[in-house]
Amino acid sequence: MATELVFRNDPYARSCQAAVVGMDSRGLVLDRTVFYPTGGGQPGDTGVLRLADGSALRVSDALKGEAPDTVAHVLEPGTTPPTPGTRLTAEIDWERRHRHMRMHTCLHLLSAVLPYPVTGGQVGADRGRLDFDIPEAILEKEELTRKLNELVARDDAVSQRWISDAELAAQPELVKTMAVKPPTGQGKVRLIEVAGLDLQPCGGTHVARTGEIGKVEVAKIEKKGRINRRVVVAFVEAE
Ligand SMILES: [Zn+2]
């Protein structure tokens, strides 16, 4: 049975009611969840599972489950897993997840500012990075920082829609990230659109408007191999 992915249509949901399906080799599987499982360069969520008796089980990570389209909630070692059918409330560490959402959307902006093939990427709570296939050292930190913050300040809407695998196959130019394959295979794939700026398949969680990202800076540009440039972006926190 597939896990209902509450975060997919409502990335702002911090908790949901769920029932235990069972344990697989990776963790506890629920019938529905707000926990994003590690994938597409975005870390899995952490949080707690609250039981009816008031106890809470710590979730140290969320992974794709063994069965297709399931999520495994990784419990701390020594935890006795609740039995199938147990009803509970699944609750993510919202502050950490929201930072992942802000950074993930920011990396989509970066891929629009730098229209080069992306060979890798990673979202983090404090920083994120994209690796680009760029032949020359043409990048300049201050200019990239300025362009990114201009796009943040525009406060463009971020939205999602679905297309079929066949429609995506007919528009290969939509796929920017060679290292992270779009989540196809279910017959349809989700596109994330930053209004008027960027459109690409992505399974991650995003903020609703670019203004929510907040101020960012390009912290580092590194040479990774002959043609790869790694661009590291960090949040600039207000005092
Ligand atoms: Zn993405």
# chains A, B, ... in the order shown; residues from 1 in each chain; ligands from 1
call {"tool": "residues_near_ligand", "arguments": {"ligand": "ligand 1", "cutoff": "8 Å", "atoms": "only C-alpha atoms and all ligand atoms", "output": "PyMOL selection string"}}
result
chain A and resi 40-41+104-105+107-108+192+200-205
call {"tool": "closest_atom_pairs", "arguments": {"of": "region 14-132 of chain A", "to": "region 139-151 of chain A", "cutoff": "10 Å", "atoms": "only C-alpha atoms", "output": "JSON lines"}}
result
{"residue": "A:Cys106", "atom": "CA", "partner": "A:Leu148", "partner_atom": "CA", "distance": 7.9}
{"residue": "A:Leu107", "atom": "CA", "partner": "A:Leu148", "partner_atom": "CA", "distance": 9.5}
{"residue": "A:Leu109", "atom": "CA", "partner": "A:Leu148", "partner_atom": "CA", "distance": 6.8}
{"residue": "A:Leu110", "atom": "CA", "partner": "A:Leu148", "partner_atom": "CA", "distance": 6.6}
{"residue": "A:Ala112", "atom": "CA", "partner": "A:Leu148", "partner_atom": "CA", "distance": 9.4}
{"residue": "A:Val113", "atom": "CA", "partner": "A:Lys147", "partner_atom": "CA", "distance": 7.1}
{"residue": "A:Leu114", "atom": "CA", "partner": "A:Leu144", "partner_atom": "CA", "distance": 8.7}
call {"tool": "write_last_selection", "arguments": {"atoms": "C-alpha atoms", "output": "PDB file, in the first residue's frame"}}
result
ATOM      1  CA  CYS A 106      16.409  29.162  -3.827  1.00  0.00           C
ATOM      2  CA  LEU A 107      18.354  26.499  -5.750  1.00  0.00           C
ATOM      3  CA  LEU A 109      16.246  30.313  -8.702  1.00  0.00           C
ATOM      4  CA  LEU A 110      19.992  29.673  -8.955  1.00  0.00           C
ATOM      5  CA  ALA A 112      17.436  29.986 -13.605  1.00  0.00           C
ATOM      6  CA  VAL A 113      20.193  32.574 -13.024  1.00  0.00           C
ATOM      7  CA  LEU A 114      22.767  30.088 -14.342  1.00  0.00           C
TER       8      LEU A 114
END
call {"tool": "residues_around", "arguments": {"residues": "Pro68 (chain A)", "least_positions_apart": "4", "cutoff": "9 Å", "atoms": "only C-alpha atoms", "output": "list in words"}}
result
Met1, Ala2 and Lys64 of chain A
call {"tool": "write_last_selection", "arguments": {"atoms": "C-alpha atoms", "output": "PDB file, in the first residue's frame"}}
result
ATOM      1  CA  MET A   1       0.000   0.000   0.000  1.00  0.00           C
ATOM      2  CA  ALA A   2       1.395   3.377  -1.016  1.00  0.00           C
ATOM      3  CA  LYS A  64      11.950   5.993   0.930  1.00  0.00           C
TER       4      LYS A  64
END
call {"tool": "closest_residue", "arguments": {"among": "A:Arg230, A:Lys220, A:Arg161, A:Arg87", "to": "Val194 (chain A)", "atoms": "only C-alpha atoms"}}
result
A:Arg161
call {"tool": "closest_residue", "arguments": {"among": "A:Asp165, A:Leu88, A:Asp156, A:Arg99", "to": "Arg50 (chain A)", "atoms": "only C-alpha atoms"}}
result
A:Leu88
call {"tool": "select_by_dssp", "arguments": {"residues": "region 154-224 of chain A", "states": "strand (DSSP E)", "output": "ChimeraX atom specification"}}
result
/A:158-164,188-194,198-201,216-224
call {"tool": "write_last_selection", "arguments": {"atoms": "C-alpha atoms", "output": "PDB file, in the first residue's frame"}}
result
ATOM      1  CA  VAL A 158       5.775  29.204  -6.798  1.00  0.00           C
ATOM      2  CA  SER A 159       3.238  26.657  -7.969  1.00  0.00           C
ATOM      3  CA  GLN A 160       3.000  23.030  -8.993  1.00  0.00           C
ATOM      4  CA  ARG A 161       1.253  21.054 -11.684  1.00  0.00           C
ATOM      5  CA  TRP A 162       1.383  17.547 -13.043  1.00  0.00           C
ATOM      6  CA  ILE A 163       2.154  16.250 -16.523  1.00  0.00           C
ATOM      7  CA  SER A 164       2.308  12.710 -17.860  1.00  0.00           C
ATOM      8  CA  LYS A 188       2.839  11.360 -14.096  1.00  0.00           C
ATOM      9  CA  VAL A 189       5.475  13.750 -12.850  1.00  0.00           C
ATOM     10  CA  ARG A 190       5.198  16.941 -10.863  1.00  0.00           C
ATOM     11  CA  LEU A 191       6.494  20.234 -12.220  1.00  0.00           C
ATOM     12  CA  ILE A 192       7.482  23.129  -9.976  1.00  0.00           C
ATOM     13  CA  GLU A 193       7.060  26.542 -11.561  1.00  0.00           C
ATOM     14  CA  VAL A 194       8.426  29.873 -10.403  1.00  0.00           C
ATOM     15  CA  ASP A 198      11.658  28.519 -14.035  1.00  0.00           C
ATOM     16  CA  LEU A 199       9.811  25.281 -14.730  1.00  0.00           C
ATOM     17  CA  GLN A 200      11.244  21.866 -13.907  1.00  0.00           C
ATOM     18  CA  PRO A 201      10.227  18.435 -12.626  1.00  0.00           C
ATOM     19  CA  VAL A 216      20.841  34.793   0.657  1.00  0.00           C
ATOM     20  CA  GLU A 217      24.437  35.013  -0.457  1.00  0.00           C
ATOM     21  CA  VAL A 218      26.699  33.004  -2.707  1.00  0.00           C
ATOM     22  CA  ALA A 219      29.189  31.852  -0.087  1.00  0.00           C
ATOM     23  CA  LYS A 220      31.601  29.972  -2.327  1.00  0.00           C
ATOM     24  CA  ILE A 221      32.316  29.032  -5.918  1.00  0.00           C
ATOM     25  CA  GLU A 222      34.569  26.000  -6.188  1.00  0.00           C
ATOM     26  CA  LYS A 223      36.169  24.283  -9.127  1.00  0.00           C
ATOM     27  CA  LYS A 224      35.253  20.590  -9.106  1.00  0.00           C
TER      28      LYS A 224
END
call {"tool": "closest_residue", "arguments": {"among": "A:Pro43, A:Pro77, A:Pro11, A:Gly65", "to": "Arg26 (chain A)", "atoms": "only C-alpha atoms"}}
result
A:Gly65
call {"tool": "atom_distance", "arguments": {"atom1": "CA of Asp45 (chain A)", "atom2": "CA of Phe235 (chain A)"}}
result
19.4 Å
call {"tool": "closest_residue", "arguments": {"among": "A:Glu212, A:Glu237, A:Asp61, A:Asp10", "to": "Pro37 (chain A)", "atoms": "only C-alpha atoms"}}
result
A:Asp61
call {"tool": "residues_around", "arguments": {"residues": "Pro135 (chain A)", "least_positions_apart": "5", "cutoff": "10 Å", "atoms": "only C-alpha atoms", "output": "JSON, numbers by chain"}}
result
{"A": [116, 226, 227, 228, 229]}
call {"tool": "closest_residue", "arguments": {"among": "A:Thr33, A:Pro172, A:Val231, A:Leu51", "to": "Ser111 (chain A)", "atoms": "only C-alpha atoms"}}
result
A:Val231
call {"tool": "closest_residue", "arguments": {"among": "A:Val236, A:Leu75, A:Val175, A:Met23", "to": "Arg127 (chain A)", "atoms": "only C-alpha atoms"}}
result
A:Val236
call {"tool": "select_by_dssp", "arguments": {"residues": "region 7-188 of chain A", "states": "helix (DSSP H, G or I)", "output": "PyMOL selection string"}}
result
chain A and resi 7-9+94-113+141-154+165-169+172-174
